[in-house]
Amino acid sequence: MPEFKLSTSLPLGGPAPVSDQFNGLEMSEIGTFHLASLAARSGQEKSCIAIAKKQLGLSLPTPGHMANGPDFNAIWTGPQQWFIETDNDEHEDIAKILKTAFGEKASITEQSGGWTRFDLSGPACRLVLQRLCAVDIAAMKTNDATRTAMEHLGVFLLCRNEGSHYSVIGPRSSAASLYHALKTAAKSAL
């Protein structure tokens with residue numbers, strides 16, 4: 001019987017992340033991106049905030065923001081709801097880690113396979129992003145996060161470093177369309 005070897009592929013289909021360079025901009029597919037949703041159960045928001053501080057080393061953010069910890073980041077996604085993300089492959093089983101930490105205080109679901117992340121870095125980020133969405137990119141400060149549309153796709157836009165580093169998190173099933181839109185805007189702006 002023939003042996004079959006399974007291998008993972010990234011959202012854009014390759015074995016390694018895709019990266020493109022433009023004048024003043026680097027655009028990269030993030031291959032080590034792990035994501036889970038965290039929803040505080042009824043009456044447990046304060047408990048979840050305390051657990052996140054103690055177990056994850058971060059404060060769960062308020063609307064329109066994200067927060068950074070030593071191993072995990074949190075992104076506000078709705079009332080008493082957050083995405084928890086990590087780039088650390090040691091925490092690949094992020095949902096299991098969160099379930100252990102939060103127990104019955106929160107509902108946790110694995111999200112890594114459903115989303116893709118592209119990072120834009122360099123001084124030209126704002127020029128590219130302002131062509132793609134109706135967000136005032138110039139007003140975004142470090143750790144601001146918002147939900148918006150890019151090319152008819154619902155995405156999360158994160159400001160990791162004001163003016164020079166942003167992340168776009170979008171549906172994995174539309175990764176190629178989203179990356180094409182980012183590249184087209186970069187070519188147009190730069």
# chains A, B, ... in the order shown; residues from 1 in each chain; ligands from 1

$ select_by_dssp --residues "chain A" --states "helix (DSSP H, G or I)" --output "ChimeraX atom specification"
/A:45-56,89-91,94-105,112-114,125-129,137-139,172-189

$ residues_around --residues "range 52-57 of chain A" --least-positions-apart "4" --cutoff "8 Å" --atoms "only C-alpha atoms" --output "PDB file with N, CA, C and O atoms, in the first residue's frame"
ATOM      1  N   CYS A  48     -13.254  36.590  33.687  1.00  0.00           N
ATOM      2  CA  CYS A  48     -12.431  36.413  32.487  1.00  0.00           C
ATOM      3  C   CYS A  48     -11.333  37.461  32.419  1.00  0.00           C
ATOM      4  O   CYS A  48     -10.194  37.153  32.035  1.00  0.00           O
ATOM      5  N   GLY A  69       0.347  40.785  25.197  1.00  0.00           N
ATOM      6  CA  GLY A  69       0.946  40.137  26.347  1.00  0.00           C
ATOM      7  C   GLY A  69       2.245  39.490  25.911  1.00  0.00           C
ATOM      8  O   GLY A  69       2.639  39.589  24.747  1.00  0.00           O
ATOM      9  N   PRO A  70       2.911  38.791  26.814  1.00  0.00           N
ATOM     10  CA  PRO A  70       4.188  38.183  26.459  1.00  0.00           C
ATOM     11  C   PRO A  70       4.074  37.095  25.379  1.00  0.00           C
ATOM     12  O   PRO A  70       4.954  36.974  24.529  1.00  0.00           O
ATOM     13  N   ASP A  71       2.995  36.312  25.388  1.00  0.00           N
ATOM     14  CA  ASP A  71       2.827  35.226  24.418  1.00  0.00           C
ATOM     15  C   ASP A  71       1.562  35.349  23.575  1.00  0.00           C
ATOM     16  O   ASP A  71       1.459  34.725  22.520  1.00  0.00           O
ATOM     17  N   PHE A  72       0.591  36.101  24.058  1.00  0.00           N
ATOM     18  CA  PHE A  72      -0.707  36.194  23.407  1.00  0.00           C
ATOM     19  C   PHE A  72      -1.109  37.654  23.238  1.00  0.00           C
ATOM     20  O   PHE A  72      -0.687  38.514  24.007  1.00  0.00           O
ATOM     21  N   ALA A 101      -7.174  27.424  30.919  1.00  0.00           N
ATOM     22  CA  ALA A 101      -7.060  28.643  31.721  1.00  0.00           C
ATOM     23  C   ALA A 101      -8.417  29.172  32.183  1.00  0.00           C
ATOM     24  O   ALA A 101      -8.573  29.569  33.344  1.00  0.00           O
TER      25      ALA A 101
END

$ residues_around --residues "range 174-187 of chain A" --least-positions-apart "5" --cutoff "8 Å" --atoms "only C-alpha atoms" --output "list in words"
Pro11, Leu12, Phe22, Thr116, Phe118, Val128, Leu129, Arg131, Leu132, Met150, Glu151 and Leu153 of chain A

$ closest_residue --among "A:Gly31, A:Gly163, A:Pro171, A:Gly103" --to "Gln44 in chain A" --atoms "only C-alpha atoms"
A:Gly103

$ atom_distance --atom1 "CA of Ile94 in chain A" --atom2 "CA of Met66 in chain A"
17.5 Å

$ closest_residue --among "A:Gln111, A:Gln80, A:Thr100, A:Asn88" --to "Arg172 in chain A" --atoms "only C-alpha atoms"
A:Gln111

$ closest_residue --among "A:Ala36, A:Val168, A:Ala134, A:Leu158" --to "His91 in chain A" --atoms "only C-alpha atoms"
A:Ala36

$ select_by_dssp --residues "range 46-135 of chain A" --states "strand (DSSP E or B)" --output "count of residues only"
28

$ residues_around --residues "Gly170 in chain A" --least-positions-apart "5" --cutoff "7 Å" --atoms "only C-alpha atoms" --output "ChimeraX atom specification"
/A:115-117,154-156

$ residues_around --residues "range 144-147 of chain A" --least-positions-apart "6" --cutoff "12 Å" --atoms "only C-alpha atoms" --output "VMD selection string"
chain A and resid 61 to 68 73 to 78 82 to 83 133 to 138 153 to 163 165 to 170

$ closest_residue --among "A:Ala124, A:Leu60, A:Ala39, A:Met140" --to "Lys99 in chain A" --atoms "only C-alpha atoms"
A:Ala39

$ residues_around --residues "Asp89 in chain A" --least-positions-apart "5" --cutoff "9 Å" --atoms "only C-alpha atoms" --output "ChimeraX atom specification"
/A:32-34

$ atom_distance --atom1 "CA of Asn23 in chain A" --atom2 "CA of Leu120 in chain A"
12.2 Å

$ closest_residue --among "A:Leu127, A:Ile30, A:Ala40, A:Ile108" --to "Thr86 in chain A" --atoms "only C-alpha atoms"
A:Ile30

$ decode --residues "range 85-152 of chain A" --atoms "C-alpha atoms" --output "PDB file, in the first residue's frame"
ATOM      1  CA  GLU A  85      -3.909  35.302  18.881  1.00  0.00           C
ATOM      2  CA  THR A  86      -0.326  34.126  18.991  1.00  0.00           C
ATOM      3  CA  ASP A  87       2.488  33.782  16.485  1.00  0.00           C
ATOM      4  CA  ASN A  88       4.238  31.266  18.721  1.00  0.00           C
ATOM      5  CA  ASP A  89       4.109  27.692  17.377  1.00  0.00           C
ATOM      6  CA  GLU A  90       4.583  26.430  20.947  1.00  0.00           C
ATOM      7  CA  HIS A  91       0.993  27.605  21.495  1.00  0.00           C
ATOM      8  CA  GLU A  92      -0.423  26.057  18.314  1.00  0.00           C
ATOM      9  CA  ASP A  93      -3.182  24.361  20.317  1.00  0.00           C
ATOM     10  CA  ILE A  94      -4.404  27.752  21.485  1.00  0.00           C
ATOM     11  CA  ALA A  95      -8.002  26.655  22.124  1.00  0.00           C
ATOM     12  CA  LYS A  96      -6.883  23.902  24.504  1.00  0.00           C
ATOM     13  CA  ILE A  97      -4.608  26.344  26.346  1.00  0.00           C
ATOM     14  CA  LEU A  98      -7.472  28.816  26.759  1.00  0.00           C
ATOM     15  CA  LYS A  99      -9.969  26.136  27.822  1.00  0.00           C
ATOM     16  CA  THR A 100      -7.557  25.042  30.534  1.00  0.00           C
ATOM     17  CA  ALA A 101      -7.060  28.643  31.721  1.00  0.00           C
ATOM     18  CA  PHE A 102     -10.689  29.821  31.610  1.00  0.00           C
ATOM     19  CA  GLY A 103     -12.565  26.597  32.424  1.00  0.00           C
ATOM     20  CA  GLU A 104     -16.318  27.132  32.622  1.00  0.00           C
ATOM     21  CA  LYS A 105     -16.027  30.939  32.784  1.00  0.00           C
ATOM     22  CA  ALA A 106     -15.797  31.309  28.987  1.00  0.00           C
ATOM     23  CA  SER A 107     -16.696  29.617  25.729  1.00  0.00           C
ATOM     24  CA  ILE A 108     -13.629  28.990  23.568  1.00  0.00           C
ATOM     25  CA  THR A 109     -13.527  27.990  19.902  1.00  0.00           C
ATOM     26  CA  GLU A 110     -10.547  27.291  17.658  1.00  0.00           C
ATOM     27  CA  GLN A 111     -10.425  29.811  14.807  1.00  0.00           C
ATOM     28  CA  SER A 112      -6.975  29.304  13.236  1.00  0.00           C
ATOM     29  CA  GLY A 113      -8.207  27.346  10.223  1.00  0.00           C
ATOM     30  CA  GLY A 114     -10.881  29.883   9.342  1.00  0.00           C
ATOM     31  CA  TRP A 115      -8.763  33.018   9.122  1.00  0.00           C
ATOM     32  CA  THR A 116      -5.645  34.350   7.434  1.00  0.00           C
ATOM     33  CA  ARG A 117      -3.402  37.236   8.390  1.00  0.00           C
ATOM     34  CA  PHE A 118      -1.378  39.602   6.241  1.00  0.00           C
ATOM     35  CA  ASP A 119       1.032  42.107   7.756  1.00  0.00           C
ATOM     36  CA  LEU A 120       1.967  45.376   6.108  1.00  0.00           C
ATOM     37  CA  SER A 121       5.041  47.169   7.393  1.00  0.00           C
ATOM     38  CA  GLY A 122       6.928  50.257   6.332  1.00  0.00           C
ATOM     39  CA  PRO A 123       6.218  53.957   5.914  1.00  0.00           C
ATOM     40  CA  ALA A 124       3.821  53.425   2.970  1.00  0.00           C
ATOM     41  CA  CYS A 125       1.252  51.329   4.910  1.00  0.00           C
ATOM     42  CA  ARG A 126      -1.247  54.146   5.283  1.00  0.00           C
ATOM     43  CA  LEU A 127      -1.182  54.989   1.562  1.00  0.00           C
ATOM     44  CA  VAL A 128      -2.108  51.418   0.687  1.00  0.00           C
ATOM     45  CA  LEU A 129      -4.718  50.826   3.384  1.00  0.00           C
ATOM     46  CA  GLN A 130      -6.576  54.082   2.792  1.00  0.00           C
ATOM     47  CA  ARG A 131      -7.333  52.865  -0.749  1.00  0.00           C
ATOM     48  CA  LEU A 132      -8.970  49.689   0.534  1.00  0.00           C
ATOM     49  CA  CYS A 133     -11.278  50.618   3.393  1.00  0.00           C
ATOM     50  CA  ALA A 134     -13.404  53.376   4.880  1.00  0.00           C
ATOM     51  CA  VAL A 135     -11.312  53.624   8.058  1.00  0.00           C
ATOM     52  CA  ASP A 136      -9.428  56.810   8.939  1.00  0.00           C
ATOM     53  CA  ILE A 137      -6.033  55.086   8.846  1.00  0.00           C
ATOM     54  CA  ALA A 138      -4.174  58.258   9.839  1.00  0.00           C
ATOM     55  CA  ALA A 139      -6.193  58.433  13.070  1.00  0.00           C
ATOM     56  CA  MET A 140      -5.378  54.855  14.118  1.00  0.00           C
ATOM     57  CA  LYS A 141      -3.003  54.633  17.062  1.00  0.00           C
ATOM     58  CA  THR A 142      -0.893  51.687  18.201  1.00  0.00           C
ATOM     59  CA  ASN A 143      -3.178  48.881  19.473  1.00  0.00           C
ATOM     60  CA  ASP A 144      -6.306  50.228  17.774  1.00  0.00           C
ATOM     61  CA  ALA A 145      -8.395  47.507  16.130  1.00  0.00           C
ATOM     62  CA  THR A 146     -11.518  47.713  14.015  1.00  0.00           C
ATOM     63  CA  ARG A 147     -13.715  45.623  11.792  1.00  0.00           C
ATOM     64  CA  THR A 148     -14.155  46.902   8.252  1.00  0.00           C
ATOM     65  CA  ALA A 149     -14.619  45.769   4.668  1.00  0.00           C
ATOM     66  CA  MET A 150     -11.908  45.372   2.054  1.00  0.00           C
ATOM     67  CA  GLU A 151     -12.941  44.309  -1.427  1.00  0.00           C
ATOM     68  CA  HIS A 152     -16.360  43.206  -0.128  1.00  0.00           C
TER      69      HIS A 152
END
